[in-house]
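Below is one structure, written out as structure tokens, with a few remarks after it.
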Amino acid sequence: MATLYGRLSRRSCCLTSASLTRNYNSSRLHQSNKNISNLIRSGRLSEARALFDSMKHRNAVTWNSMISGYIHRREIAKARQLFDEMPQRDIVSWNLIVSGYFSCRGSRFIEEGRKMFELMPQRDCVSWNTVISGYAKNGRMDQALKFFNAMPERNVVSSNAVITGFLLNGDVDLAVGFFKTMPEHDSASLCALISGLVRNGELDMAAGILHEFGSDDDRKDDLVHAYNTLIAGYGQRGHVEEARRLFDEIPDDRGGGDKGQRRFRRNVISWNSMMMSYVKAGDIVSARELFDRMVERDTCSWNTVISGYVQISNMDEASKLFREMPSPDVLSWNSIVTGFAQNGNLNLAKDFFEKMPHKNLISWNTLIAGYEKNEDYKGAVRLFSQMQLEGERPDKHTLSSVISVCTGLVDLYLGKQIHQLVTKTVLPDSPINNSLITMYSRCGAIVDASAVFDEIKLYKDVITWNAMIGGYASHGLAAEALELFNLMKRLKIHPTYITFIAVLNACAHAGLVEEGRRQFKSMVTDYGIEPRVEHFASLVDILGRQGQLKEAIHLINTMPLKPDKAVWGALLGACRIHNNVQLAIVAADALIRLEPESSAPYVLLYNMYANLGQWDDAESVRVLMEEKNVKKQAGYSWVD
DNA sequence: GTAGGGTTAG
């Protein structure tokens, strides 16, 4: 008995301790794996790697998690290195490495991904779908379809990837046709189709399909996703009524105890999307009404309504909500910084910026753009260097702001440095090129401006043309400006009112009265552009410079718009050139009415009298100025 | 740990 008991207990004791050890080890491994994936999820890749390196025992999941971490960061070389070092690769490792190559830009990577797919010891549905969606996302639908057709067993995911691919290429009809011939749809198929149609601007077609296929019972549980996409799509484009109609079609999620039974009902994203539609339409009252009616709000709900108040510059309400919200994230902070910066309150914007627990690139860009817009150029430059010191890499939004800063500072040296940074770090897009052209021409470097213009091979938008024509005009290069304008017209690029401001300015600088009149007329009759006060100012400038002062004042008296300070300023400048004191008094008088605090008209009149030797009159202008308590501003000299 | 779909900030 005792022997038997002893044997048994010894044996079971043995067994128990072995299995305990095994269990202990496996649960430790499991815990470490979980820690790795949590670290990766929160973006702490190097900590994950340190934990990975410290682990004595690893399994395939450990390796695969680490590989997927590198793939998410687009560090494919490191992912590949781990893949090669891995003692035993399973099918997930292979799928990961294939998807890693396909998610990198460039055909070299895609070919490598395909090569890895072909090397796979075995393949499952995921492997095939990875390749199909990889090709589809890179616009290679020929290859995607080739693999789709060659696949031994397809599932819905395969077809959904094809739909997404068609829609990324803008092939709306192919996508819809493919969807209709699919053997089975699931909620993701419908959602992929709807969101692709929305991206292609086919909102009403999307609504039709949603109503036609959305009533199938088996997908009611996820139908709300498709509705949300379409609500947001209508909202983004300002069709708030259509958005609201869809929102009202979804059964309400508030009150009532039958939540479990009703599968198709509003969720937080439906409410957020509807609020966003109102915010986009500038209807903060309706957005707020929805916000107050919501039962469950998430961070995005708060952010949406806060951004609504920021948009209408109601910073009291925006910051009140910001203080009330439970857990503000980077977006909430960025909205508040945007709001204060837009309202010219740079100090508060900076205060909030410095208090942020986490900053991202957008935080920096927001503040730098705010400084630029408020013309605190030195502050913007300080922030830009601070940003780089703190290891944040500027993107094209940053650089675009900083180029405008150089324009504001008229700092050609800094401008050239930024230009070099642009060439090294980003693919310059239209806004970047346009601000480079403006920067160079403001800094007097018209040759560099036209070099930027000439280097744009692919696409010049109308703003690019305007910037270049305006640059030539302000440098007095009327022939170049007009030549470019003619080229633009030959290329069928439709000029805007800004183009004509530049063209008229060019005529003014070159003394081309008839050409100026002709262009002004052509603007109205050939292009249907309503003349603005700036155009009249240019025309007055054109006439005035050539001494046609009577024609100029007649134009001012008969123009259909109220002449502003640019119009009267042009006349006053012309009077000075041609020594017409009588008319100068009229112009100066009008300018003083518009801007009583400005000293410029007084100084100009004073100098004119002085030039003519009429010192008594000059003195009376100075006395008048003193009486009206106008201070002479820097930059205006008593001496002409 | 791998393939397809939804909302917010510059």
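Residues in the structure tokens are numbered from 1 in each chain, the chains being A, B, ... in the order shown, and ligands are numbered from 1 in the order shown.
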For this session: Taking the DSSP assignment computed from this structure's backbone, write out as a PyMOL selection string all residues of stretch 346-595 of chain A that belong to helix (DSSP H, G or I).
Result: chain A and resi 346-355+361-373+377-389+396-409+412-425+430-442+446-455+462-474+478-490+497-510+513-525+533-545+549-558+565-577+581-594
Problem set entry | Close residues, stretch 308-318 of chain A itself excluded, 6 Å, only C-alpha atoms (C1' of nucleotides), min 2 positions apart in chain, as a list in words |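 The filter keeps Val279, Ile284, Val305, Ile306, Lys320, Leu321 and Gly339 of chain A.
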Save out the residues we just selected, N, CA and C atoms, as a PDB file, in the first residue's frame.
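Done, and the output landed in out-v9.pdb:
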ATOM      1  N   VAL A 279     -20.710  69.959 -39.730  1.00  0.00           N
ATOM      2  CA  VAL A 279     -19.547  70.829 -39.510  1.00  0.00           C
ATOM      3  C   VAL A 279     -19.007  71.332 -40.845  1.00  0.00           C
ATOM      4  N   ILE A 284     -22.982  74.515 -37.314  1.00  0.00           N
ATOM      5  CA  ILE A 284     -22.518  74.023 -36.022  1.00  0.00           C
ATOM      6  C   ILE A 284     -23.683  73.784 -35.065  1.00  0.00           C
ATOM      7  N   VAL A 305     -16.907  67.940 -32.999  1.00  0.00           N
ATOM      8  CA  VAL A 305     -17.674  69.127 -32.612  1.00  0.00           C
ATOM      9  C   VAL A 305     -16.712  70.266 -32.224  1.00  0.00           C
ATOM     10  N   ILE A 306     -15.580  69.926 -31.637  1.00  0.00           N
ATOM     11  CA  ILE A 306     -14.578  70.955 -31.321  1.00  0.00           C
ATOM     12  C   ILE A 306     -14.066  71.607 -32.612  1.00  0.00           C
ATOM     13  N   LYS A 320     -13.798  75.249 -24.047  1.00  0.00           N
ATOM     14  CA  LYS A 320     -14.657  74.735 -22.967  1.00  0.00           C
ATOM     15  C   LYS A 320     -14.866  73.225 -23.153  1.00  0.00           C
ATOM     16  N   LEU A 321     -15.222  72.838 -24.394  1.00  0.00           N
ATOM     17  CA  LEU A 321     -15.426  71.413 -24.672  1.00  0.00           C
ATOM     18  C   LEU A 321     -14.133  70.632 -24.491  1.00  0.00           C
ATOM     19  N   GLY A 339      -7.001  76.504 -33.864  1.00  0.00           N
ATOM     20  CA  GLY A 339      -7.977  77.550 -33.600  1.00  0.00           C
ATOM     21  C   GLY A 339      -7.317  78.827 -33.123  1.00  0.00           C
TER      22      GLY A 339
END
Exercise. Using only C-alpha atoms (C1' of nucleotides), which chain A residues lie at most 8 Å away from chain B, written as a count of residues only?
Worked result: 55
Which residues of stretch 416-504 of chain A come within 12 Å of stretch 523-531 of chain A, and what is each one's closest atom pair and distance in Å (one decimal), counting only C-alpha atoms, sorted by chain and residue number, as CSV?
residue,atom,partner,partner_atom,distance
A:Lys489,CA,A:Tyr527,CA,10.9
A:Lys492,CA,A:Tyr527,CA,11.8
A:Ile493,CA,A:Tyr527,CA,11.4
A:His494,CA,A:Tyr527,CA,8.1
A:Pro495,CA,A:Tyr527,CA,7.8
A:Thr496,CA,A:Ile529,CA,7.4
A:Tyr497,CA,A:Ile529,CA,6.5
A:Ile498,CA,A:Ile529,CA,10.3
A:Thr499,CA,A:Met523,CA,9.7
A:Phe500,CA,A:Met523,CA,7.2
A:Ile501,CA,A:Pro531,CA,9.7
A:Val503,CA,A:Met523,CA,10.4
A:Leu504,CA,A:Met523,CA,10.5
Exercise. What's the 8 Å shell around A:Ala506, counting only C-alpha atoms (C1' of nucleotides), without same-chain residues fewer than 6 positions away, as a PyMOL selection string?
Worked result: chain A and resi 470+472-474+476-478+481-482
Selected residues, N, CA, C and O atoms, written as a short mmCIF file (atom, residue, chain, number, x, y, z; two decimals), in the first residue's frame, please.
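Ended up saving to result11.cif:
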data_model
loop_
_atom_site.label_atom_id
_atom_site.label_comp_id
_atom_site.auth_asym_id
_atom_site.auth_seq_id
_atom_site.Cartn_x
_atom_site.Cartn_y
_atom_site.Cartn_z
N GLY A 470 2.78 86.77 -62.96
CA GLY A 470 2.85 87.85 -61.98
C GLY A 470 4.29 88.21 -61.65
O GLY A 470 4.62 89.38 -61.45
N TYR A 472 6.97 87.90 -63.66
CA TYR A 472 7.51 88.69 -64.78
C TYR A 472 6.97 90.11 -64.72
O TYR A 472 7.71 91.08 -64.90
N ALA A 473 5.65 90.23 -64.47
CA ALA A 473 5.03 91.55 -64.44
C ALA A 473 5.68 92.43 -63.39
O ALA A 473 6.04 93.58 -63.66
N SER A 474 5.89 91.88 -62.20
CA SER A 474 6.43 92.73 -61.12
C SER A 474 7.89 93.07 -61.37
O SER A 474 8.43 93.98 -60.75
N GLY A 476 8.83 94.02 -64.31
CA GLY A 476 8.80 94.88 -65.47
C GLY A 476 9.07 94.16 -66.78
O GLY A 476 9.33 94.79 -67.80
N LEU A 477 9.02 92.81 -66.74
CA LEU A 477 9.30 92.05 -67.96
C LEU A 477 7.99 91.76 -68.69
O LEU A 477 7.49 90.64 -68.71
N ALA A 478 7.43 92.82 -69.28
CA ALA A 478 6.11 92.72 -69.88
C ALA A 478 6.09 91.74 -71.05
O ALA A 478 5.15 90.96 -71.20
N ALA A 481 5.95 88.27 -69.75
CA ALA A 481 4.65 88.02 -69.13
C ALA A 481 3.59 87.77 -70.20
O ALA A 481 2.82 86.79 -70.13
N LEU A 482 3.57 88.62 -71.21
CA LEU A 482 2.53 88.49 -72.24
C LEU A 482 2.75 87.25 -73.10
O LEU A 482 1.80 86.57 -73.49
#
Problem set entry | d(atom CA of A:Leu119, atom CA of A:Val131) in Å |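 Taking atom CA of A:Leu119 and atom CA of A:Val131, their separation equals 13.3 Å.
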For this session: Would you mind listing what lies within 9 Å of A:Tyr278 as a list in words, with only C-alpha atoms (C1' of nucleotides) counted and same-chain residues fewer than 3 positions away left out?
Result: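 Neighbouring residues, sequence-local ones excluded: Gly235, Gly238, Val240, Ser273, Met274, Met275, Ala281, Gly282, Asp283, Ile284, Val285, Ser286, Ala287 and Gly308 of chain A.
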